[in-house]
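For reference, target15.json (JSON, C-alpha atoms):
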[["chain", "number", "residue", "atom", "x", "y", "z"],
["I", 1, "MET", "CA", 108.42, 83.05, 70.13],
["I", 2, "THR", "CA", 105.15, 84.41, 68.81],
["I", 3, "GLU", "CA", 105.21, 85.17, 65.11],
["I", 4, "ARG", "CA", 103.99, 88.71, 65.66],
["I", 5, "PRO", "CA", 104.57, 91.15, 68.53],
["I", 6, "MET", "CA", 102.16, 90.76, 71.44],
["I", 7, "THR", "CA", 100.67, 93.48, 73.63],
["I", 8, "VAL", "CA", 100.13, 92.14, 77.15],
["I", 9, "TYR", "CA", 97.89, 94.05, 79.54],
["I", 10, "VAL", "CA", 98.33, 93.30, 83.25],
["I", 11, "ALA", "CA", 95.65, 94.46, 85.67],
["I", 12, "PRO", "CA", 94.79, 93.81, 89.31],
["I", 13, "VAL", "CA", 91.14, 92.93, 89.87],
["I", 14, "GLY", "CA", 88.90, 94.05, 92.70],
["I", 15, "VAL", "CA", 85.16, 93.61, 93.17],
["I", 16, "SER", "CA", 83.80, 96.84, 91.66],
["I", 17, "LEU", "CA", 82.01, 94.76, 89.00],
["I", 18, "PHE", "CA", 79.72, 93.42, 91.70],
["I", 19, "ASP", "CA", 78.66, 96.84, 92.99],
["I", 20, "ASP", "CA", 75.91, 96.79, 90.39],
["I", 21, "LEU", "CA", 75.58, 93.15, 89.30],
["I", 22, "LEU", "CA", 74.81, 91.77, 92.76],
["I", 23, "THR", "CA", 72.45, 94.51, 93.90],
["I", 24, "ASP", "CA", 68.83, 93.80, 94.84],
["I", 25, "SER", "CA", 67.74, 96.75, 92.71],
["I", 26, "ARG", "CA", 66.43, 95.87, 89.26],
["I", 27, "ALA", "CA", 66.64, 99.52, 88.24],
["I", 28, "ARG", "CA", 70.30, 99.76, 89.23],
["I", 29, "ILE", "CA", 71.23, 96.69, 87.21],
["I", 30, "LYS", "CA", 69.28, 98.01, 84.24],
["I", 31, "ASP", "CA", 71.05, 101.37, 84.43],
["I", 32, "ALA", "CA", 74.43, 99.63, 84.72],
["I", 33, "VAL", "CA", 74.14, 97.31, 81.71],
["I", 34, "GLY", "CA", 71.94, 99.54, 79.58],
["I", 35, "GLU", "CA", 68.77, 98.80, 77.68],
["I", 36, "LYS", "CA", 69.64, 95.15, 77.13],
["I", 37, "ALA", "CA", 67.33, 92.21, 77.78],
["I", 38, "SER", "CA", 70.09, 90.57, 79.82],
["I", 39, "TRP", "CA", 69.52, 92.84, 82.85],
["I", 40, "ARG", "CA", 66.49, 90.76, 83.84],
["I", 41, "SER", "CA", 68.53, 87.56, 83.65],
["I", 42, "ILE", "CA", 71.33, 89.17, 85.66],
["I", 43, "PHE", "CA", 68.88, 90.07, 88.42],
["I", 44, "GLN", "CA", 67.36, 86.59, 88.44],
["I", 45, "ARG", "CA", 70.70, 84.78, 88.33],
["I", 46, "ARG", "CA", 72.80, 87.10, 90.53],
["I", 47, "ASP", "CA", 73.26, 84.38, 93.16],
["I", 48, "ASP", "CA", 74.73, 82.17, 90.44],
["I", 49, "ILE", "CA", 77.15, 84.93, 89.54],
["I", 50, "HIS", "CA", 78.23, 85.08, 93.18],
["I", 51, "ASN", "CA", 76.20, 84.13, 96.23],
["I", 52, "GLU", "CA", 77.44, 86.27, 99.09],
["I", 53, "LYS", "CA", 75.22, 84.49, 101.60],
["I", 54, "ALA", "CA", 76.87, 81.17, 100.79],
["I", 55, "GLU", "CA", 80.40, 82.44, 101.50],
["I", 56, "LEU", "CA", 82.35, 80.46, 104.08],
["I", 57, "LYS", "CA", 83.21, 82.34, 107.26],
["I", 58, "ASP", "CA", 86.90, 81.47, 106.96],
["I", 59, "PRO", "CA", 88.30, 83.75, 104.20],
["I", 60, "ARG", "CA", 91.09, 81.30, 103.33],
["I", 61, "ALA", "CA", 88.66, 78.40, 103.02],
["I", 62, "GLU", "CA", 86.33, 80.53, 100.91],
["I", 63, "ALA", "CA", 89.13, 81.52, 98.52],
["I", 64, "ASP", "CA", 90.16, 77.87, 98.19],
["I", 65, "ARG", "CA", 86.54, 76.84, 97.55],
["I", 66, "VAL", "CA", 86.09, 79.37, 94.75],
["I", 67, "SER", "CA", 89.50, 78.50, 93.34],
["I", 68, "GLU", "CA", 88.49, 74.85, 93.03],
["I", 69, "ARG", "CA", 85.28, 75.93, 91.34],
["I", 70, "LEU", "CA", 87.21, 78.08, 88.87],
["I", 71, "ILE", "CA", 89.46, 75.17, 87.97],
["I", 72, "LYS", "CA", 86.40, 73.10, 87.09],
["I", 73, "GLU", "CA", 84.61, 75.93, 85.28],
["I", 74, "THR", "CA", 87.57, 76.69, 83.03],
["I", 75, "SER", "CA", 88.22, 73.03, 82.23],
["I", 76, "ASP", "CA", 87.08, 71.46, 78.97],
["I", 77, "GLN", "CA", 84.06, 69.66, 80.37],
["I", 78, "GLY", "CA", 82.03, 68.76, 83.45],
["I", 79, "THR", "CA", 78.87, 69.93, 85.18],
["I", 80, "ALA", "CA", 80.51, 73.08, 86.57],
["I", 81, "ARG", "CA", 81.61, 74.05, 83.08],
["I", 82, "GLU", "CA", 78.16, 73.33, 81.63],
["I", 83, "SER", "CA", 76.45, 75.37, 84.36],
["I", 84, "LEU", "CA", 78.67, 78.37, 83.71],
["I", 85, "GLU", "CA", 78.13, 78.13, 79.94],
["I", 86, "SER", "CA", 74.37, 78.15, 80.55],
["I", 87, "LEU", "CA", 74.70, 81.19, 82.81],
["I", 88, "ILE", "CA", 76.79, 83.04, 80.23],
["I", 89, "LYS", "CA", 74.11, 82.56, 77.58],
["I", 90, "GLU", "CA", 71.54, 84.18, 79.87],
["I", 91, "ILE", "CA", 73.48, 87.11, 81.34],
["I", 92, "LYS", "CA", 75.36, 87.96, 78.11],
["I", 93, "PRO", "CA", 78.67, 89.46, 79.36],
["I", 94, "GLU", "CA", 79.51, 90.28, 75.73],
["I", 95, "GLU", "CA", 76.96, 93.11, 76.02],
["I", 96, "TRP", "CA", 78.27, 94.62, 79.24],
["I", 97, "PRO", "CA", 79.64, 98.18, 78.94],
["I", 98, "ALA", "CA", 83.14, 99.20, 80.02],
["I", 99, "SER", "CA", 81.65, 101.42, 82.74],
["I", 100, "LEU", "CA", 80.54, 98.34, 84.68],
["I", 101, "SER", "CA", 83.92, 97.95, 86.41],
["I", 102, "ALA", "CA", 87.18, 99.78, 87.00],
["I", 103, "GLU", "CA", 89.04, 96.97, 85.25],
["I", 104, "LEU", "CA", 86.98, 97.17, 82.06],
["I", 105, "SER", "CA", 87.09, 100.97, 81.90],
["I", 106, "SER", "CA", 90.85, 100.94, 82.54],
["I", 107, "LEU", "CA", 91.44, 98.54, 79.66],
["I", 108, "ALA", "CA", 89.17, 100.57, 77.39],
["I", 109, "SER", "CA", 91.08, 103.76, 78.21],
["I", 110, "ASP", "CA", 94.18, 102.29, 76.57],
["I", 111, "ARG", "CA", 92.39, 100.76, 73.57],
["I", 112, "HIS", "CA", 90.42, 103.62, 72.03],
["I", 113, "GLY", "CA", 87.41, 102.96, 74.24],
["I", 114, "LYS", "CA", 87.24, 99.21, 73.54],
["I", 115, "HIS", "CA", 87.33, 96.70, 76.38],
["I", 116, "ARG", "CA", 86.58, 93.54, 74.37],
["I", 117, "LEU", "CA", 89.41, 91.51, 72.88],
["I", 118, "GLY", "CA", 88.60, 90.30, 69.41],
["I", 119, "ILE", "CA", 90.25, 87.54, 67.39],
["I", 120, "GLY", "CA", 91.63, 88.05, 63.91],
["I", 121, "THR", "CA", 91.52, 91.83, 64.20],
["I", 122, "GLY", "CA", 95.19, 92.25, 63.35],
["I", 123, "ASN", "CA", 96.05, 93.18, 66.96],
["I", 124, "ASP", "CA", 97.75, 90.44, 68.99],
["I", 125, "GLU", "CA", 96.65, 91.26, 72.54],
["I", 126, "MET", "CA", 96.00, 89.33, 75.71],
["I", 127, "VAL", "CA", 95.23, 90.21, 79.34],
["I", 128, "LEU", "CA", 96.55, 88.93, 82.67],
["I", 129, "LEU", "CA", 94.18, 89.62, 85.56],
["I", 130, "ILE", "CA", 95.75, 89.48, 89.02],
["I", 131, "ALA", "CA", 92.93, 88.69, 91.42],
["I", 132, "SER", "CA", 92.77, 89.56, 95.10],
["I", 133, "ASP", "CA", 92.95, 86.27, 96.98],
["I", 134, "THR", "CA", 89.36, 86.18, 98.18],
["I", 135, "GLY", "CA", 86.40, 84.18, 96.97],
["I", 136, "LYS", "CA", 84.58, 87.28, 95.82],
["I", 137, "GLY", "CA", 87.71, 88.69, 94.18],
["I", 138, "LEU", "CA", 88.36, 85.50, 92.21],
["I", 139, "ARG", "CA", 84.74, 85.38, 91.12],
["I", 140, "ALA", "CA", 84.82, 89.02, 90.01],
["I", 141, "ALA", "CA", 87.95, 88.26, 87.97],
["I", 142, "LEU", "CA", 86.08, 85.52, 86.12],
["I", 143, "PHE", "CA", 83.24, 87.77, 84.99],
["I", 144, "ASN", "CA", 85.57, 90.62, 84.09],
["I", 145, "ALA", "CA", 87.44, 88.11, 81.93],
["I", 146, "LEU", "CA", 84.21, 86.98, 80.28],
["I", 147, "ALA", "CA", 83.30, 90.58, 79.46],
["I", 148, "MET", "CA", 86.73, 91.02, 77.86],
["I", 149, "THR", "CA", 86.47, 87.82, 75.79],
["I", 150, "GLU", "CA", 82.93, 88.61, 74.60],
["I", 151, "GLY", "CA", 81.52, 85.79, 76.72],
["I", 152, "ASP", "CA", 83.88, 83.21, 75.20],
["I", 153, "LEU", "CA", 84.81, 80.88, 78.07],
["I", 154, "ASP", "CA", 87.22, 78.98, 75.79],
["I", 155, "ARG", "CA", 89.48, 82.05, 75.85],
["I", 156, "VAL", "CA", 89.61, 82.31, 79.65],
["I", 157, "ASP", "CA", 92.36, 80.52, 81.60],
["I", 158, "TYR", "CA", 92.83, 80.19, 85.35],
["I", 159, "LEU", "CA", 96.28, 79.94, 86.92],
["I", 160, "PRO", "CA", 95.91, 78.95, 90.60],
["I", 161, "ASP", "CA", 99.68, 79.14, 91.12],
["I", 162, "SER", "CA", 102.91, 80.02, 89.32],
["I", 163, "ASP", "CA", 103.42, 76.40, 88.24],
["I", 164, "SER", "CA", 100.29, 76.56, 86.08],
["I", 165, "SER", "CA", 100.79, 76.67, 82.33],
["I", 166, "LEU", "CA", 99.94, 79.84, 80.43],
["I", 167, "GLN", "CA", 98.43, 79.75, 76.96],
["I", 168, "ILE", "CA", 99.88, 82.59, 74.90],
["I", 169, "ALA", "CA", 97.57, 83.55, 72.06],
["I", 170, "PRO", "CA", 95.69, 86.64, 70.84],
["I", 171, "GLY", "CA", 92.39, 87.36, 72.53],
["I", 172, "ARG", "CA", 93.01, 85.28, 75.66],
["I", 173, "VAL", "CA", 92.55, 86.37, 79.29],
["I", 174, "ALA", "CA", 94.34, 84.60, 82.13],
["I", 175, "ILE", "CA", 93.27, 84.94, 85.76],
["I", 176, "ILE", "CA", 96.20, 84.74, 88.20],
["I", 177, "ARG", "CA", 95.69, 83.86, 91.84],
["I", 178, "LEU", "CA", 98.30, 85.18, 94.30],
["I", 179, "SER", "CA", 98.07, 83.59, 97.72],
["I", 180, "GLY", "CA", 98.21, 86.31, 100.36],
["I", 181, "LEU", "CA", 96.90, 89.17, 98.25],
["I", 182, "ASP", "CA", 94.23, 89.78, 100.86],
["I", 183, "ALA", "CA", 96.38, 90.11, 103.95],
["I", 184, "GLU", "CA", 96.64, 93.05, 106.31],
["I", 185, "ASP", "CA", 100.24, 92.47, 107.40],
["I", 186, "SER", "CA", 103.45, 93.07, 105.48],
["I", 187, "ASP", "CA", 104.80, 89.52, 105.82],
["I", 188, "ARG", "CA", 101.83, 88.04, 103.96],
["I", 189, "PHE", "CA", 102.23, 90.65, 101.24],
["I", 190, "LEU", "CA", 105.90, 89.82, 100.92],
["I", 191, "ASP", "CA", 104.89, 86.21, 100.37],
["I", 192, "ALA", "CA", 102.45, 87.35, 97.68],
["I", 193, "MET", "CA", 105.19, 89.38, 96.02],
["I", 194, "ARG", "CA", 107.51, 86.39, 96.02],
["I", 195, "GLU", "CA", 104.77, 84.33, 94.38],
["I", 196, "LEU", "CA", 104.21, 87.05, 91.78],
["I", 197, "SER", "CA", 107.89, 86.89, 90.94],
["I", 198, "GLY", "CA", 107.38, 83.18, 90.31],
["I", 199, "PHE", "CA", 105.42, 84.16, 87.22],
["I", 200, "GLY", "CA", 108.61, 85.65, 85.75],
["I", 201, "PRO", "CA", 109.12, 82.74, 83.32],
["I", 202, "HIS", "CA", 105.66, 83.41, 81.88],
["I", 203, "PHE", "CA", 106.61, 87.03, 81.23],
["I", 204, "GLU", "CA", 109.85, 85.87, 79.65],
["I", 205, "LYS", "CA", 107.83, 83.91, 77.10],
["I", 206, "LEU", "CA", 105.36, 86.74, 76.62],
["I", 207, "MET", "CA", 108.17, 89.20, 75.92],
["I", 208, "GLU", "CA", 110.30, 86.86, 73.83],
["I", 209, "ASN", "CA", 109.39, 88.66, 70.62],
["I", 210, "PRO", "CA", 111.49, 91.88, 70.63],
["I", 211, "GLY", "CA", 108.47, 93.86, 69.50],
["I", 212, "SER", "CA", 106.18, 92.73, 72.32],
["I", 213, "THR", "CA", 105.14, 95.17, 75.04],
["I", 214, "CYS", "CA", 103.68, 94.86, 78.54],
["I", 215, "ARG", "CA", 101.31, 97.51, 79.91],
["I", 216, "PHE", "CA", 100.32, 97.46, 83.58],
["I", 217, "HIS", "CA", 96.91, 99.00, 84.33],
["I", 218, "LEU", "CA", 96.59, 99.92, 88.00],
["I", 219, "THR", "CA", 93.22, 101.66, 88.18],
["I", 220, "GLY", "CA", 91.23, 98.82, 89.73],
["I", 221, "GLY", "CA", 91.95, 96.00, 92.09],
["I", 222, "PHE", "CA", 93.13, 95.69, 95.65],
["I", 223, "ARG", "CA", 94.44, 99.19, 96.44],
["I", 224, "VAL", "CA", 97.12, 98.04, 98.89],
["I", 225, "ALA", "CA", 98.59, 95.84, 96.15],
["I", 226, "MET", "CA", 99.40, 98.77, 93.85],
["I", 227, "PRO", "CA", 102.90, 99.46, 95.27],
["I", 228, "PHE", "CA", 103.71, 95.76, 94.92],
["I", 229, "LEU", "CA", 102.61, 95.66, 91.31],
["I", 230, "MET", "CA", 104.49, 98.89, 90.58],
["I", 231, "ALA", "CA", 107.58, 97.21, 92.03],
["I", 232, "PHE", "CA", 107.05, 94.19, 89.80],
["I", 233, "ALA", "CA", 106.61, 96.44, 86.75],
["I", 234, "GLU", "CA", 109.85, 98.22, 87.63],
["I", 235, "ALA", "CA", 111.68, 94.91, 87.94],
["I", 236, "LEU", "CA", 110.41, 93.87, 84.51],
["I", 237, "ARG", "CA", 111.45, 97.24, 83.14],
["I", 238, "SER", "CA", 115.01, 96.44, 84.25],
["I", 239, "LEU", "CA", 114.78, 93.43, 81.96],
["I", 240, "TYR", "CA", 112.88, 94.84, 79.00],
["I", 241, "GLY", "CA", 113.37, 98.59, 79.17],
["I", 242, "GLY", "CA", 110.73, 100.86, 77.67],
["I", 243, "ARG", "CA", 108.70, 97.90, 76.45],
["I", 244, "VAL", "CA", 107.19, 97.80, 79.97],
["I", 245, "SER", "CA", 104.96, 100.66, 81.14],
["I", 246, "ALA", "CA", 102.36, 101.41, 83.81],
["I", 247, "HIS", "CA", 99.08, 103.29, 83.43],
["I", 248, "ALA", "CA", 96.11, 104.44, 85.48],
["I", 249, "ARG", "CA", 92.81, 106.17, 84.89],
["I", 250, "TYR", "CA", 91.37, 108.57, 87.44],
["I", 251, "GLU", "CA", 87.92, 107.18, 88.19],
["I", 252, "PHE", "CA", 86.21, 110.60, 88.27],
["I", 253, "SER", "CA", 87.96, 111.96, 85.22],
["I", 254, "SER", "CA", 85.87, 113.20, 82.31],
["I", 255, "SER", "CA", 88.51, 111.84, 79.94],
["I", 256, "ASP", "CA", 88.34, 108.25, 78.78],
["I", 257, "ARG", "CA", 92.12, 108.05, 78.44],
["I", 258, "SER", "CA", 94.65, 106.74, 80.95],
["I", 259, "ILE", "CA", 97.87, 108.43, 82.01],
["I", 260, "GLU", "CA", 101.28, 106.80, 82.04],
["I", 261, "LEU", "CA", 102.86, 106.42, 85.47],
["I", 262, "PRO", "CA", 106.60, 106.91, 86.04],
["I", 263, "LEU", "CA", 108.64, 103.73, 86.48],
["I", 264, "SER", "CA", 112.16, 103.77, 87.82],
["I", 265, "SER", "CA", 114.42, 100.73, 87.59],
["I", 266, "PRO", "CA", 118.18, 100.24, 87.54],
["I", 267, "PRO", "CA", 119.92, 99.05, 84.39],
["I", 268, "LYS", "CA", 121.02, 95.43, 84.47],
["I", 269, "ASN", "CA", 124.74, 96.23, 84.31],
["I", 270, "ARG", "CA", 124.53, 97.91, 87.71],
["I", 271, "LEU", "CA", 122.78, 95.07, 89.51],
["I", 272, "LYS", "CA", 125.60, 92.63, 90.21],
["I", 273, "GLY", "CA", 125.60, 91.54, 93.84],
["I", 274, "MET", "CA", 123.38, 94.38, 95.04],
["I", 275, "LEU", "CA", 121.08, 91.98, 96.92],
["I", 276, "SER", "CA", 123.52, 89.26, 97.94],
["I", 277, "GLY", "CA", 123.42, 87.75, 101.41],
["I", 278, "PHE", "CA", 119.68, 87.98, 102.09],
["I", 279, "ASP", "CA", 118.13, 84.73, 103.30],
["I", 280, "GLU", "CA", 115.15, 82.92, 101.80],
["I", 281, "ASN", "CA", 112.70, 85.10, 103.73],
["I", 282, "GLY", "CA", 114.40, 88.30, 102.63],
["I", 283, "TYR", "CA", 116.41, 89.08, 105.78],
["I", 284, "ARG", "CA", 120.09, 89.94, 106.28],
["I", 285, "ASN", "CA", 121.96, 90.50, 109.56],
["I", 286, "LYS", "CA", 124.84, 92.62, 108.22],
["I", 287, "VAL", "CA", 124.77, 95.88, 106.32],
["I", 288, "PRO", "CA", 123.87, 95.10, 102.69],
["I", 289, "PRO", "CA", 126.37, 95.46, 99.83],
["I", 290, "LYS", "CA", 127.65, 98.88, 98.75],
["I", 291, "GLY", "CA", 127.08, 100.26, 102.25],
["I", 292, "GLY", "CA", 123.33, 99.78, 102.04],
["I", 293, "ALA", "CA", 123.02, 101.93, 98.93],
["I", 294, "TRP", "CA", 119.55, 100.58, 98.17],
["I", 295, "GLU", "CA", 118.03, 101.25, 101.60],
["I", 296, "GLY", "CA", 114.49, 102.51, 101.11],
["I", 297, "TYR", "CA", 114.63, 101.34, 97.52],
["I", 298, "ALA", "CA", 115.01, 97.55, 97.70],
["I", 299, "TYR", "CA", 115.20, 96.93, 101.44],
["I", 300, "GLU", "CA", 114.69, 98.54, 104.82],
["I", 301, "HIS", "CA", 116.37, 98.45, 108.22],
["I", 302, "ILE", "CA", 114.43, 96.92, 111.14],
["I", 303, "PRO", "CA", 115.70, 98.75, 114.27],
["I", 304, "GLU", "CA", 114.06, 96.34, 116.73],
["I", 305, "THR", "CA", 116.17, 93.43, 115.50],
["I", 306, "ASN", "CA", 119.00, 95.38, 113.82],
["I", 307, "ARG", "CA", 118.37, 93.38, 110.66],
["I", 308, "TRP", "CA", 117.66, 94.32, 107.06],
["I", 309, "ARG", "CA", 114.62, 93.15, 105.12],
["I", 310, "LEU", "CA", 113.87, 93.19, 101.42],
["I", 311, "ASN", "CA", 110.81, 95.18, 100.44],
["I", 312, "PRO", "CA", 108.48, 94.02, 97.61],
["I", 313, "PHE", "CA", 110.64, 95.64, 94.93],
["I", 314, "GLY", "CA", 113.73, 93.96, 96.35],
["I", 315, "MET", "CA", 111.95, 90.61, 96.39],
["I", 316, "ALA", "CA", 110.94, 91.09, 92.77],
["I", 317, "LEU", "CA", 114.43, 92.09, 91.70],
["I", 318, "ARG", "CA", 116.03, 89.15, 93.47],
["I", 319, "GLU", "CA", 113.65, 86.60, 91.98],
["I", 320, "LEU", "CA", 113.61, 88.00, 88.46],
["I", 321, "LEU", "CA", 117.22, 89.11, 88.12],
["I", 322, "PRO", "CA", 119.83, 86.55, 89.25],
["I", 323, "GLU", "CA", 122.55, 89.19, 88.86],
["I", 324, "THR", "CA", 121.38, 90.87, 92.07],
["I", 325, "GLN", "CA", 122.17, 87.76, 94.13],
["I", 326, "GLN", "CA", 125.75, 87.26, 92.91],
["I", 327, "GLU", "CA", 128.48, 88.11, 95.37],
["I", 328, "PRO", "CA", 129.97, 91.56, 94.61]]
Kindly transcribe the structure held in the file into structure tokens.
Amino acid sequence: MTERPMTVYVAPVGVSLFDDLLTDSRARIKDAVGEKASWRSIFQRRDDIHNEKAELKDPRAEADRVSERLIKETSDQGTARESLESLIKEIKPEEWPASLSAELSSLASDRHGKHRLGIGTGNDEMVLLIASDTGKGLRAALFNALAMTEGDLDRVDYLPDSDSSLQIAPGRVAIIRLSGLDAEDSDRFLDAMRELSGFGPHFEKLMENPGSTCRFHLTGGFRVAMPFLMAFAEALRSLYGGRVSAHARYEFSSSDRSIELPLSSPPKNRLKGMLSGFDENGYRNKVPPKGGAWEGYAYEHIPETNRWRLNPFGMALRELLPETQQEP
């Protein structure tokens, strides 16, 4: 357990950061980062930030390639690490404004306009960035993380899967890769949701202190993933009650504050056996328990096969809350 309560911010990450950073327009980069000397370096080194022309044609292979690069860059040593450290010194992400990406502005909207996580400020905070599973998305997550840690690569962790260890400490940012969070079909997204649920033990440690809170920020990131992350937040809320909340900031709003989104989740004492009988892939042939009381909430009926299938919220509940799998 952490000695002091921790505030954990969870945010999906898209590629809005690159709308300005990877442009061929010097003026646009200058306007985006402000009157800082680093805008020239950003323009000159934009292919080192992310080279779109070098992307592999196979999206899966490209995501794997960037993932391997991230593992090396966030390690303690090596040429990849040294190259990134050199790049950071030139492009100065510690100077980047919150307006540069939806993720930075969303975080700032919940922290009195501040998007940088300091150390020793008296506030124990850390961020989990859930990246879309593409090469560009993973790369964007890295540079958002560097802007949040004031360019301190030592405070950035990369978790390529749910078996990866998570360092829990103030001022850290962890990038989470979810395989399938780029797909256009529901089955792939269900797989991604199942993998997200695999990070449940990490959240258990993060929330171990009774004063710790978890705040989901859903302004940026892969838009189709929002319902899945809302479902995950609701599942966590079943475990930790009001300590879990969800927030969003309207991108065209004149206000720099976010709004809290409604989360609905059943209390734990009503969960026993509600999702029993579903197979590993989330299917069930017979009518679910309690006469299918959670249809449309945790599962749906597939008329073509006359079967029932867990939706993302149902997958999250089943993985995170063992009570739901017990026989009624």
For this session: Excluding Leu129 in chain I and residues on its chain fewer than 4 positions from it, collect all residues at most 7 Å away from it, counting all atoms listed in the file, and give them as a PyMOL selection string.
Result: chain I and resi 10-13+141+174-176
Exercise. For Glu55 in chain I, which residue among I:Lys136, I:Arg223, I:His115, I:Arg69 is the nearest when counting all atoms listed in the file?
Worked result: I:Lys136
Give me the residues near Arg116 in chain I as a compact mmCIF listing (two decimals) with C-alpha atoms, in the frame of the given file, where near means some atom within 8 Å (using all atoms listed in the file) and where sequence neighbours in that chain fewer than 5 positions away do not count.
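Printed below is out00.txt as written:
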# COMPACT_ATOMS: atom_id res chain seq x y z
CA GLU I 94 79.51 90.28 75.73
CA ALA I 147 83.30 90.58 79.46
CA MET I 148 86.73 91.02 77.86
CA THR I 149 86.47 87.82 75.79
CA GLU I 150 82.93 88.61 74.60
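Proximity ranking of I:Leu146, I:Ala192, I:Ala80, I:Leu275 relative to Lys92 in chain I places I:Leu146 first, based on only C-alpha atoms.
One distance worth recording is that between CA of Glu125 in chain I and CA of Val8 in chain I, which is 5.8 Å.
Distance annotation: of I:Asp110, I:Ile130, I:Arg177, I:Gly118, the residue with the minimal separation from Ile259 in chain I is I:Asp110; atom set is all atoms listed in the file.
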Seminar exercise, completed: The distance between CA of Tyr9 in chain I and CA of Thr213 in chain I is 8.6 Å
For this session: Using all atoms listed in the file, pick whichever of I:Leu166, I:Trp308, I:Val66, I:Met126 has the shortest atom-to-atom distance to Pro201 in chain I.
Result: I:Leu166
Around all the atoms of range 24-40 of chain I listed in the file, with 5 Å of room on each side, what axis-aligned box do you get, giving centre and edge lengths in Å to one decimal, as AutoDock Vina command-line options?
--center_x 70.4 --center_y 96.0 --center_z 86.0 --size_x 18.0 --size_y 20.8 --size_z 27.7
Problem set entry | Which of I:Ser106, I:Asn51, I:Ser25, I:Ser132 sits closest to Trp39 in chain I [using only C-alpha atoms] | I:Ser25
Generate the missing atoms of range 115-120 of chain I up to all heavy atoms and report them as a short mmCIF file (atom, residue, chain, number, x, y, z; two decimals), in the coordinates of the input.
data_model
loop_
_atom_site.label_atom_id
_atom_site.label_comp_id
_atom_site.auth_asym_id
_atom_site.auth_seq_id
_atom_site.Cartn_x
_atom_site.Cartn_y
_atom_site.Cartn_z
N HIS I 115 86.90 97.59 75.30
CA HIS I 115 87.33 96.70 76.38
C HIS I 115 87.21 95.23 76.01
O HIS I 115 87.54 94.37 76.80
CB HIS I 115 86.51 96.97 77.64
CG HIS I 115 85.05 96.65 77.50
ND1 HIS I 115 84.17 97.47 76.82
CD2 HIS I 115 84.31 95.60 77.93
CE1 HIS I 115 82.96 96.94 76.86
NE2 HIS I 115 83.02 95.81 77.53
N ARG I 116 86.73 94.93 74.80
CA ARG I 116 86.58 93.54 74.37
C ARG I 116 87.74 93.16 73.45
O ARG I 116 88.09 93.90 72.53
CB ARG I 116 85.25 93.34 73.65
CG ARG I 116 84.04 93.73 74.50
CD ARG I 116 82.74 93.51 73.74
NE ARG I 116 81.59 93.95 74.52
CZ ARG I 116 81.03 95.15 74.42
NH1 ARG I 116 81.51 96.01 73.54
NH2 ARG I 116 80.00 95.47 75.17
N LEU I 117 88.30 92.00 73.70
CA LEU I 117 89.41 91.51 72.88
C LEU I 117 88.86 90.65 71.76
O LEU I 117 88.29 89.59 72.00
CB LEU I 117 90.38 90.68 73.74
CG LEU I 117 91.05 91.37 74.92
CD1 LEU I 117 91.93 90.37 75.66
CD2 LEU I 117 91.89 92.55 74.45
N GLY I 118 89.06 91.09 70.54
CA GLY I 118 88.60 90.30 69.41
C GLY I 118 89.68 89.34 68.93
O GLY I 118 90.82 89.36 69.39
N ILE I 119 89.31 88.48 68.01
CA ILE I 119 90.25 87.54 67.39
C ILE I 119 90.30 87.83 65.90
O ILE I 119 89.27 88.07 65.27
CB ILE I 119 89.82 86.08 67.62
CG1 ILE I 119 89.75 85.78 69.12
CG2 ILE I 119 90.79 85.12 66.96
CD1 ILE I 119 89.29 84.37 69.42
N GLY I 120 91.50 87.81 65.33
CA GLY I 120 91.63 88.05 63.91
C GLY I 120 91.44 89.50 63.52
O GLY I 120 91.11 89.81 62.38
#
